[in-house]
Amino acid sequence: MFELFLISAKRFAGLVASSLTTSPDGRAALRPRRILIMLGFLPVFALGQALHWLGFLLDDLFFRGWRRVQVEAPVFVLGVPRSGTTRLHQVLAQDEQFTTFRTWECLFAPSVTQRLFFLGLARADRAVGAPMARLLRRIERRVFSGLDDVHPMGLTTPEEDYFALMPVLSCFILALPFPNFEHIWRVGRFDADLEPAERKRLLDFYEACLKRHLYVHGTEKCLLSKNAAFAPLAQSLAQRFPDARFIVSLRDPLETVPSQLSSIGPGLAFFGVPADSEPVRRRLTAQLAFYYENLGLLREQLPESQHAALGMQDLRGGLGVTLKAVYNRLGLPVSAAFEQVLEHEDGQARSYKSSHHYSLEQFGLTPATVSERFAAAYRHPVLAPVATPQPAVLETRSASC
């Protein structure tokens with residue numbers, strides 16, 4: 001752990017220097033606005049990471065029991081970005097057999113110490129009528145409301161636990177403020193580009209985060225983890241957790257690519273990077289192609305009892321039927337309470353219409369170039385053309401959304 005702290009501290013020092021002195025994407029000019037944003041962002045970011053590392057230190061002083069926790073038969077929801085994994089996660093998180101990370105835990109409390117502190121604070125707040133909770137709900141609506149069409153968030157909603165990798169600077173969202181951060185692009189091709197020693201260090205750290213979560217929330221529940229950004233870790237996760245079950249959500253690259261490029265534009269612009277940065281677009285498109293390839297390899301390596309793949313349209317047009325089939329395939333029980341959840345969520349999914357609009361043309365892409373670049377993706381049964389329509393069950397073609 002100390003070695004990883006030193007590596008991360010060195011990388012952070014490099015990020016500080018480069019973000020204040022060089023082009024953000026290797027092509028665009030470094031403008032005063034970006035420098036001002038970084039001068040405000042970097043100290044806050046550094047303070048947050050320092051508090052996380054302090055929490056990890058205190059864990060080993062006062063809560064060493066987390067090390068004895070075993071992560072048994074976890075369920076990983078993987079996929080490509082913009083393929084419905086967030087909605088799928090929100091539905092699965094309502095099943096009481098699972099425990100999953102919440103946004104506040106990912107961002108503010110990856111350590112046991114931090115979680116127990118905030119949970120204690122919440123109990124004290126409830127004892128006096130919950131004034132702090134009401135204030136936080138008003139604040140979070142202002143902060144997160146702009147993300148509703150792209151990635152709905154709230155402090156207590158289920159969230160991607162890849163945010164727990166922020167202290168080791170391996171959370172892929174760091175590509176937005178630091179698009180020239182080479183380590184983060186290597187993480188984006190984790191199974192292919194990272195050296196075995198570095199893969200092990202990061203997997204050790206991630207597993208420790210999962211153990212801390214179970215230590216706080218109880219080991220009697222099954223760990224549910226959802227990360228679209230973990231597609232490049234798919235094979236490593238399967239090796240680290242040999243009893244894990246995987247649910248993979250896919251979407252036609254003709255829709256995934258422009259949707260992802262559109263969704264990151266505002267984040268890039270906020271940090272003073274051109275929203276239409278060509279270097280970022282090129283690297284991200286290549287990385288998305290690797291996501292599909294790596295998820296295809298995962299499917300080939302796992303038995304059917306540990307792997308289920310579905311298309312985004314299955315979630316919209318037959319969520320209840322699809323998830324019951326997934327549960328049956330993976331050997332997960334469906335409780336009566338979750339049956340009712342599925343019935344309700346199925347109706348919600350059928351009536352959902354996204355207001356997030358985008359097109360290939362706005363990014364200088366054509367259907368022909370994307371289809372050629374992502375030819376390997378269409379070999380997956382979920383995306384491969386079929387002669388006749390099939391029911392919305394496992395590994396069927398995802399219709400256009």
# chains A, B, ... in the order shown; residues from 1 in each chain; ligands from 1
$ select_by_dssp --residues "region 40-272 of chain A" --states "strand (DSSP E or B)" --output "ChimeraX atom specification"
/A:75-79,98-100,102,158,222-226,245-250
$ residues_around --residues "region 274-290 of chain A" --least-positions-apart "6" --cutoff "9 Å" --atoms "only C-alpha atoms" --output "number ranges by chain"
A: 24-28, 80-81, 175, 179-180, 185, 188-189, 231-232, 253, 256-257, 260-262, 264-268, 363, 373-377
$ closest_residue --among "A:Arg299, A:Lys200, A:Arg87, A:Arg82" --to "Arg379 (chain A)" --atoms "only C-alpha atoms"
A:Arg299
$ select_by_dssp --residues "region 114-349 of chain A" --states "alpha helix (DSSP H)" --output "PyMOL selection string"
chain A and resi 114-127+131-144+182-187+190-193+196-217+234-240+253-270+278-301+312-317+319-330+336-349
$ atom_distance --atom1 "CA of Glu293 (chain A)" --atom2 "CA of Met166 (chain A)"
25.5 Å
$ residues_around --residues "Ser18 (chain A)" --least-positions-apart "3" --cutoff "12 Å" --atoms "only C-alpha atoms" --output "compact mmCIF listing (two decimals) with C-alpha atoms, in the first residue's frame"
# COMPACT_ATOMS: atom_id res chain seq x y z
CA ARG A 11 2.28 10.80 -10.64
CA PHE A 12 0.22 13.55 -9.05
CA ALA A 13 3.26 15.85 -8.95
CA GLY A 14 3.71 15.21 -12.66
CA LEU A 15 0.05 16.02 -13.32
CA THR A 21 2.63 24.26 -18.29
CA THR A 22 1.65 22.18 -21.34
CA SER A 23 -1.15 21.74 -23.86
CA PRO A 24 -4.05 19.84 -22.26
CA ASP A 25 -4.42 17.39 -25.17
CA GLY A 26 -1.12 17.73 -27.02
CA LEU A 30 -2.76 26.15 -22.94
CA ARG A 34 -7.45 26.28 -17.88
CA ILE A 35 -4.63 27.48 -15.64
CA MET A 38 -6.44 23.97 -12.39
CA LEU A 42 -5.75 20.77 -7.92
CA PRO A 177 -9.13 17.06 -16.57
CA PHE A 178 -5.89 15.37 -17.68
CA PRO A 179 -6.31 14.05 -21.26
CA ASN A 180 -2.52 13.82 -21.66
CA PHE A 181 -2.15 11.56 -18.60
CA GLU A 182 -0.56 8.49 -20.22
$ closest_residue --among "A:Leu119, A:Leu47, A:Leu54, A:Ala208" --to "Arg68 (chain A)" --atoms "only C-alpha atoms"
A:Ala208
$ closest_residue --among "A:His213, A:Ile139, A:Asp252, A:Arg329" --to "Ser371 (chain A)" --atoms "only C-alpha atoms"
A:Asp252
$ residues_around --residues "Leu121 (chain A)" --least-positions-apart "5" --cutoff "12 Å" --atoms "only C-alpha atoms" --output "number ranges by chain"
A: 114-116, 126-128, 130-133
$ write_last_selection --atoms "C-alpha atoms" --output "short mmCIF file (atom, residue, chain, number, x, y, z; two decimals), in the first residue's frame"
data_model
loop_
_atom_site.label_atom_id
_atom_site.label_comp_id
_atom_site.auth_asym_id
_atom_site.auth_seq_id
_atom_site.Cartn_x
_atom_site.Cartn_y
_atom_site.Cartn_z
CA GLN A 114 -14.48 7.71 6.61
CA ARG A 115 -17.63 5.62 6.21
CA LEU A 116 -18.11 5.12 9.92
CA ARG A 126 -31.47 12.19 12.28
CA ALA A 127 -31.63 12.50 16.06
CA VAL A 128 -32.18 16.25 15.75
CA ALA A 130 -32.25 15.71 9.89
CA PRO A 131 -31.59 19.38 8.99
CA MET A 132 -28.25 18.47 7.36
CA ALA A 133 -29.86 15.77 5.25
#
$ atom_distance --atom1 "CA of Gly48 (chain A)" --atom2 "CA of Arg201 (chain A)"
21.4 Å
$ residues_around --residues "Pro303 (chain A)" --least-positions-apart "2" --cutoff "12 Å" --atoms "only C-alpha atoms" --output "PyMOL selection string"
chain A and resi 238+242-246+298-301+305-308+329-330
$ atom_distance --atom1 "CA of Ala349 (chain A)" --atom2 "CA of Thr86 (chain A)"
12.6 Å
$ closest_residue --among "A:Glu195, A:Val273, A:Leu155, A:Leu214" --to "Ala29 (chain A)" --atoms "only C-alpha atoms"
A:Val273
$ residues_around --residues "Leu223 (chain A)" --least-positions-apart "4" --cutoff "10 Å" --atoms "only C-alpha atoms" --output "PDB file with N, CA, C and O atoms, in the first residue's frame"
ATOM      1  N   VAL A  71     -14.092 -11.697  -0.438  1.00  0.00           N
ATOM      2  CA  VAL A  71     -15.055 -11.275  -1.454  1.00  0.00           C
ATOM      3  C   VAL A  71     -15.471 -12.534  -2.211  1.00  0.00           C
ATOM      4  O   VAL A  71     -14.748 -13.018  -3.085  1.00  0.00           O
ATOM      5  N   GLU A  72     -16.629 -13.073  -1.861  1.00  0.00           N
ATOM      6  CA  GLU A  72     -17.064 -14.351  -2.407  1.00  0.00           C
ATOM      7  C   GLU A  72     -18.162 -14.178  -3.453  1.00  0.00           C
ATOM      8  O   GLU A  72     -19.154 -13.496  -3.212  1.00  0.00           O
ATOM      9  N   ALA A  73     -17.965 -14.795  -4.595  1.00  0.00           N
ATOM     10  CA  ALA A  73     -18.949 -14.827  -5.684  1.00  0.00           C
ATOM     11  C   ALA A  73     -19.579 -13.467  -5.984  1.00  0.00           C
ATOM     12  O   ALA A  73     -20.798 -13.341  -6.009  1.00  0.00           O
ATOM     13  N   PRO A  74     -18.765 -12.430  -6.194  1.00  0.00           N
ATOM     14  CA  PRO A  74     -19.343 -11.120  -6.518  1.00  0.00           C
ATOM     15  C   PRO A  74     -20.013 -11.133  -7.887  1.00  0.00           C
ATOM     16  O   PRO A  74     -19.753 -12.015  -8.719  1.00  0.00           O
ATOM     17  N   VAL A  75     -20.867 -10.155  -8.118  1.00  0.00           N
ATOM     18  CA  VAL A  75     -21.506  -9.981  -9.421  1.00  0.00           C
ATOM     19  C   VAL A  75     -20.997  -8.676 -10.015  1.00  0.00           C
ATOM     20  O   VAL A  75     -21.149  -7.611  -9.416  1.00  0.00           O
ATOM     21  N   PHE A  76     -20.371  -8.772 -11.186  1.00  0.00           N
ATOM     22  CA  PHE A  76     -19.849  -7.593 -11.872  1.00  0.00           C
ATOM     23  C   PHE A  76     -20.735  -7.275 -13.076  1.00  0.00           C
ATOM     24  O   PHE A  76     -20.967  -8.140 -13.929  1.00  0.00           O
ATOM     25  N   GLN A  97     -30.546  -9.016  -1.845  1.00  0.00           N
ATOM     26  CA  GLN A  97     -29.427  -9.954  -1.674  1.00  0.00           C
ATOM     27  C   GLN A  97     -28.085  -9.298  -1.985  1.00  0.00           C
ATOM     28  O   GLN A  97     -27.035  -9.857  -1.692  1.00  0.00           O
ATOM     29  N   PHE A  98     -28.122  -8.077  -2.576  1.00  0.00           N
ATOM     30  CA  PHE A  98     -26.903  -7.386  -2.981  1.00  0.00           C
ATOM     31  C   PHE A  98     -26.572  -6.220  -2.057  1.00  0.00           C
ATOM     32  O   PHE A  98     -27.451  -5.589  -1.473  1.00  0.00           O
ATOM     33  N   THR A  99     -25.294  -5.913  -1.993  1.00  0.00           N
ATOM     34  CA  THR A  99     -24.828  -4.648  -1.436  1.00  0.00           C
ATOM     35  C   THR A  99     -23.923  -4.010  -2.482  1.00  0.00           C
ATOM     36  O   THR A  99     -23.130  -4.709  -3.140  1.00  0.00           O
ATOM     37  N   THR A 100     -24.042  -2.708  -2.668  1.00  0.00           N
ATOM     38  CA  THR A 100     -23.283  -2.027  -3.713  1.00  0.00           C
ATOM     39  C   THR A 100     -22.851  -0.652  -3.234  1.00  0.00           C
ATOM     40  O   THR A 100     -23.419  -0.102  -2.273  1.00  0.00           O
ATOM     41  N   PHE A 101     -21.847  -0.094  -3.858  1.00  0.00           N
ATOM     42  CA  PHE A 101     -21.349   1.230  -3.491  1.00  0.00           C
ATOM     43  C   PHE A 101     -22.391   2.301  -3.815  1.00  0.00           C
ATOM     44  O   PHE A 101     -23.059   2.230  -4.852  1.00  0.00           O
ATOM     45  N   LEU A 210     -13.175  -3.315  -1.991  1.00  0.00           N
ATOM     46  CA  LEU A 210     -14.354  -4.171  -1.878  1.00  0.00           C
ATOM     47  C   LEU A 210     -14.445  -4.796  -0.489  1.00  0.00           C
ATOM     48  O   LEU A 210     -15.541  -4.899   0.087  1.00  0.00           O
ATOM     49  N   LYS A 211     -13.311  -5.211   0.069  1.00  0.00           N
ATOM     50  CA  LYS A 211     -13.306  -5.792   1.411  1.00  0.00           C
ATOM     51  C   LYS A 211     -13.754  -4.764   2.450  1.00  0.00           C
ATOM     52  O   LYS A 211     -14.502  -5.098   3.380  1.00  0.00           O
ATOM     53  N   HIS A 213     -15.744  -2.303   1.966  1.00  0.00           N
ATOM     54  CA  HIS A 213     -17.190  -2.119   1.803  1.00  0.00           C
ATOM     55  C   HIS A 213     -17.954  -3.225   2.526  1.00  0.00           C
ATOM     56  O   HIS A 213     -18.910  -2.955   3.268  1.00  0.00           O
ATOM     57  N   LEU A 214     -17.548  -4.468   2.325  1.00  0.00           N
ATOM     58  CA  LEU A 214     -18.228  -5.586   2.972  1.00  0.00           C
ATOM     59  C   LEU A 214     -18.027  -5.570   4.482  1.00  0.00           C
ATOM     60  O   LEU A 214     -18.911  -5.979   5.248  1.00  0.00           O
ATOM     61  N   HIS A 217     -20.708  -3.064   5.585  1.00  0.00           N
ATOM     62  CA  HIS A 217     -22.103  -3.382   5.273  1.00  0.00           C
ATOM     63  C   HIS A 217     -22.492  -4.826   5.547  1.00  0.00           C
ATOM     64  O   HIS A 217     -23.677  -5.169   5.463  1.00  0.00           O
ATOM     65  N   GLY A 218     -21.532  -5.672   5.851  1.00  0.00           N
ATOM     66  CA  GLY A 218     -21.846  -7.052   6.188  1.00  0.00           C
ATOM     67  C   GLY A 218     -21.505  -8.017   5.070  1.00  0.00           C
ATOM     68  O   GLY A 218     -21.787  -7.751   3.901  1.00  0.00           O
ATOM     69  N   THR A 219     -20.910  -9.155   5.453  1.00  0.00           N
ATOM     70  CA  THR A 219     -20.477 -10.140   4.465  1.00  0.00           C
ATOM     71  C   THR A 219     -21.583 -11.125   4.093  1.00  0.00           C
ATOM     72  O   THR A 219     -21.377 -11.981   3.241  1.00  0.00           O
ATOM     73  N   ALA A 244     -16.641 -15.282  -9.570  1.00  0.00           N
ATOM     74  CA  ALA A 244     -17.489 -14.130  -9.888  1.00  0.00           C
ATOM     75  C   ALA A 244     -18.454 -14.451 -11.016  1.00  0.00           C
ATOM     76  O   ALA A 244     -18.193 -15.298 -11.874  1.00  0.00           O
TER      77      ALA A 244
END
$ closest_residue --among "A:Ala122, A:Cys106, A:Leu203, A:Ile7" --to "Ala164 (chain A)" --atoms "only C-alpha atoms"
A:Cys106
$ closest_residue --among "A:Leu36, A:Gly311, A:Ala124, A:Ala337" --to "Ala384 (chain A)" --atoms "only C-alpha atoms"
A:Gly311
